[in-house]
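K.L.:
Can you keep this structure in mind? I'll have questions shortly.
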Amino acid sequence: MFKSLPILLLGFGLTSCSNLPTIEGVKSERAPLIVSWAKNLDPVYETGNMPIHLGAPIIDSGATRLFMADGSGKMSSYSLENGRELWHANDDGTSHAGATISDEILYYGTSEGRLFSRNSDSGDLIWSIDLGASIESSPTISSGRLFVQLRNHQVFALDASTGKILWAYKRSVPLLTTLQRASKPIVYRNKLYVGFADGNIASFNVEEGILLWERKISNGDKFVDVDMTPTFFNDQLWVGSSSNDLHVLDPKNGRTIRTLPFISGYEPLKFGDTLIYGTNNGELIGLNSSGKTVLKFKVSDFQVSSVTNWKNGYVATDVEGHLYFVNAEDGKVEWKHHLGHEASGIFAAPATTKDKFALLSSRNRLYVFQ
């Protein structure tokens, strides 16, 4: 799959950045994504603002089941093939950030601050614990430990088998205005890395939660959040914020190696020797390990929220609910599709297998394409 992209990247690598192509036209000659099944997971509501969902589906390692929380606090397991419900569990509060599966155990947190561990086959509860505030990141599992970040800027480390709290770190964030997302904690070489809503990224000792270093990468009066999940590439830490340039840091001490002049608040697609970022102005930018731009083109008029491998190209999504299929051979946007509702944003990365592509819109619509 996706064998032709290295040829494309090589071609871009031999071209100066001033000659990099910009895609303006779109042709719709084929449909690389066809809906296999879909579900409306919208909760019942009567007044006020329409509820939105920021979570993401997850698919098990056997590529047979999909797990998704709806907007009313129900976690469900579905057959990936046809959407048949296999089991569900009623929880208080929805899951903003999606779940994680490890060794057939499903871990997820809710907006009510409760963290759950369930058997992924049956949905049976293994353990649950109240952490006190909305859990805004999907859990990270490493060496028997589970890490999450909460809405109140607190990071917890727990024993994945029992739910016992091993340590916690609370960050004081003076800003009154932050985004309703949180950086997913990432473990790299036995150190934990987390972005915070005050514009800082920090590194911790995994065993005890000792703060090793912190680095300010975003400045301003509001919306300086470092919500992007840190990416490690060429033994360097690549991370961006909601309002400032992308930073490349030394993971040992947080020293800035370089900054790159574009803004991206979502994780990149890592493909071979290239990272492909979607930017706030609707571009896709590919970078090699030295930070050199090897591809750049326009796909949307809105902020790009994900880039995903798919068949002989990749799919980009934006926060206004559009999907774009980009051909890997020539970099052309061959197909685009809108999810229908005018408020259908896409804020979470899709879950994919060889022949299934699952995503959730902010209007609580779950789609599985093939």
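Ligands are numbered from 1 in the order shown, residues from 1 within each chain, and chains are lettered A, B, ... in the order they appear in the structure tokens.
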Near Ser183 (chain A), counting only C-alpha atoms, which residues have an atom at most 9 Å away, once you skip same-chain residues fewer than 3 positions from it, shown as a ChimeraX atom specification?
P.N.:
/A:136-137,149,186,194-197,225-230
K.L.:
Just the residues within 9 Å of region 28-42 of chain A, please, counting only C-alpha atoms, with nothing from its chain fewer than 3 positions along; format it as number ranges by chain.
P.N.:
A: 45, 51-53, 69-72, 81-83, 310-311, 325, 333-336, 356-357, 363-370
K.L.:
Have a look at A:Arg114, A:Arg84, A:Lys170, A:Lys222 and name the one nearest to Leu131 (chain A); count only C-alpha atoms.
P.N.:
A:Arg114
K.L.:
Just give me the gap between CA of Leu339 (chain A) and CA of Ser362 (chain A) in Å, one decimal is fine.
P.N.:
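These atoms are spaced 10.3 Å apart.
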K.L.:
Using only C-alpha atoms, can you tell me which of A:Ala328, A:Ala97, A:Leu284, A:Leu158 comes closest to Ser134 (chain A)?
P.N.:
A:Ala97
K.L.:
Taking into account only C-alpha atoms, which residue in the set A:Tyr108, A:Phe204, A:Phe262, A:Tyr277 is nearest to Phe67 (chain A)?
P.N.:
A:Tyr108
K.L.:
Contacts of Trp213 (chain A) at 7 Å or less, counting only C-alpha atoms, minus same-chain residues fewer than 4 places along, as an NGL selection string?
P.N.:
:A and (202-203 or 253-254)
K.L.:
Dump N, CA, C and O atoms for the selected residues as a PDB file, in the first residue's frame?
P.N.:
```pdb
ATOM      1  N   ALA A 202       6.338  19.681  28.767  1.00  0.00           N
ATOM      2  CA  ALA A 202       7.176  19.284  29.902  1.00  0.00           C
ATOM      3  C   ALA A 202       7.527  17.806  29.809  1.00  0.00           C
ATOM      4  O   ALA A 202       6.828  17.013  29.181  1.00  0.00           O
ATOM      5  N   SER A 203       8.638  17.455  30.435  1.00  0.00           N
ATOM      6  CA  SER A 203       9.114  16.079  30.491  1.00  0.00           C
ATOM      7  C   SER A 203       9.151  15.626  31.944  1.00  0.00           C
ATOM      8  O   SER A 203       9.539  16.396  32.837  1.00  0.00           O
ATOM      9  N   ASN A 253      16.642  17.687  27.064  1.00  0.00           N
ATOM     10  CA  ASN A 253      16.673  18.898  27.889  1.00  0.00           C
ATOM     11  C   ASN A 253      15.665  19.975  27.461  1.00  0.00           C
ATOM     12  O   ASN A 253      15.583  21.026  28.084  1.00  0.00           O
ATOM     13  N   GLY A 254      14.904  19.737  26.383  1.00  0.00           N
ATOM     14  CA  GLY A 254      13.933  20.704  25.913  1.00  0.00           C
ATOM     15  C   GLY A 254      14.515  21.831  25.082  1.00  0.00           C
ATOM     16  O   GLY A 254      13.796  22.766  24.694  1.00  0.00           O
TER      17      GLY A 254
END
```
K.L.:
Show me, as a list in words, the residues that have an atom within 8 Å of Asn119 (chain A) when counting only C-alpha atoms, minus same-chain residues fewer than 3 positions from it.
P.N.:
Glu104, Ile105, Leu106, Ser122, Gly123, Asp124, Leu125 and Ile126 of chain A
K.L.:
Find the residues around Ser161 (chain A) up to 9 Å (only C-alpha atoms counted), leave out those fewer than 3 positions away in its own chain, and share them as a list in words.
P.N.:
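The filter keeps Ser117, Ile126, Trp127, Gly144, Arg145, Leu158 and Lys164 of chain A.
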K.L.:
In Å, with one decimal, what is the gap from CA of Ser128 (chain A) to CA of Met75 (chain A)?
P.N.:
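If I compute the distance from CA of Ser128 (chain A) to CA of Met75 (chain A), I get 13.9 Å.
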K.L.:
Mind checking DSSP for region 38-187 of chain A and telling me the strand (DSSP E or B) residues as a PyMOL selection string?
P.N.:
chain A and resi 38-40+58-59+65-69+74-79+85-90+100-102+105-109+114-119+125-130+135+140-142+145-150+154-159+165-170+186-187
K.L.:
Measuring atom to atom with only C-alpha atoms, identify which of A:Phe223, A:Leu359, A:Gly313, A:Lys191 is nearest to Leu66 (chain A).
P.N.:
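Among the listed residues, the smallest separation from Leu66 (chain A) belongs to A:Leu359.
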K.L.:
Report, in Å with one decimal, the straight-line distance from CA of Tyr107 (chain A) to CA of Phe156 (chain A).
P.N.:
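CA of Phe156 (chain A) lies 13.9 Å from CA of Tyr107 (chain A).
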K.L.:
Report as a short mmCIF file (atom, residue, chain, number, x, y, z; two decimals) with N, CA, C and O atoms, in the first residue's frame all protein, DNA and RNA residues lying within 10 Å of Ser102 (chain A), evaluated on only C-alpha atoms, omitting residues in the same chain fewer than 5 positions from it.
P.N.:
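Contents of part-v1.cif, freshly written:
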```cif
data_model
loop_
_atom_site.label_atom_id
_atom_site.label_comp_id
_atom_site.auth_asym_id
_atom_site.auth_seq_id
_atom_site.Cartn_x
_atom_site.Cartn_y
_atom_site.Cartn_z
N ASP A 60 -9.97 -2.67 17.05
CA ASP A 60 -9.11 -3.64 17.73
C ASP A 60 -8.04 -4.17 16.80
O ASP A 60 -8.09 -3.99 15.58
N SER A 61 -7.04 -4.84 17.36
CA SER A 61 -5.90 -5.33 16.58
C SER A 61 -6.30 -6.39 15.57
O SER A 61 -5.62 -6.58 14.56
N TYR A 107 -9.52 0.86 27.70
CA TYR A 107 -9.38 1.92 28.70
C TYR A 107 -9.93 3.22 28.11
O TYR A 107 -9.62 3.58 26.98
N SER A 120 -12.59 -6.04 26.52
CA SER A 120 -13.06 -5.59 25.21
C SER A 120 -13.98 -6.60 24.53
O SER A 120 -14.77 -6.24 23.66
N THR A 140 -2.60 6.56 27.57
CA THR A 140 -1.36 6.00 27.03
C THR A 140 -0.92 4.86 27.95
O THR A 140 -0.90 5.02 29.17
N ILE A 141 -0.59 3.71 27.36
CA ILE A 141 -0.14 2.55 28.12
C ILE A 141 1.34 2.31 27.84
O ILE A 141 1.77 2.28 26.68
N SER A 142 2.14 2.16 28.90
CA SER A 142 3.56 1.88 28.74
C SER A 142 4.07 1.14 29.96
O SER A 142 3.92 1.64 31.09
N GLY A 144 3.07 -1.30 31.76
CA GLY A 144 2.13 -1.55 32.83
C GLY A 144 1.55 -0.31 33.48
O GLY A 144 0.74 -0.41 34.41
N ALA A 160 -2.03 -0.01 35.34
CA ALA A 160 -3.02 -0.40 34.34
C ALA A 160 -3.82 -1.63 34.76
O ALA A 160 -4.97 -1.81 34.31
#
```
K.L.:
So, with only C-alpha atoms as the atoms that count, which of A:Lys332, A:His322, A:Lys216, A:Lys292 lies closest to Pro261 (chain A)?
P.N.:
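Among the listed residues, the smallest separation from Pro261 (chain A) belongs to A:Lys292.
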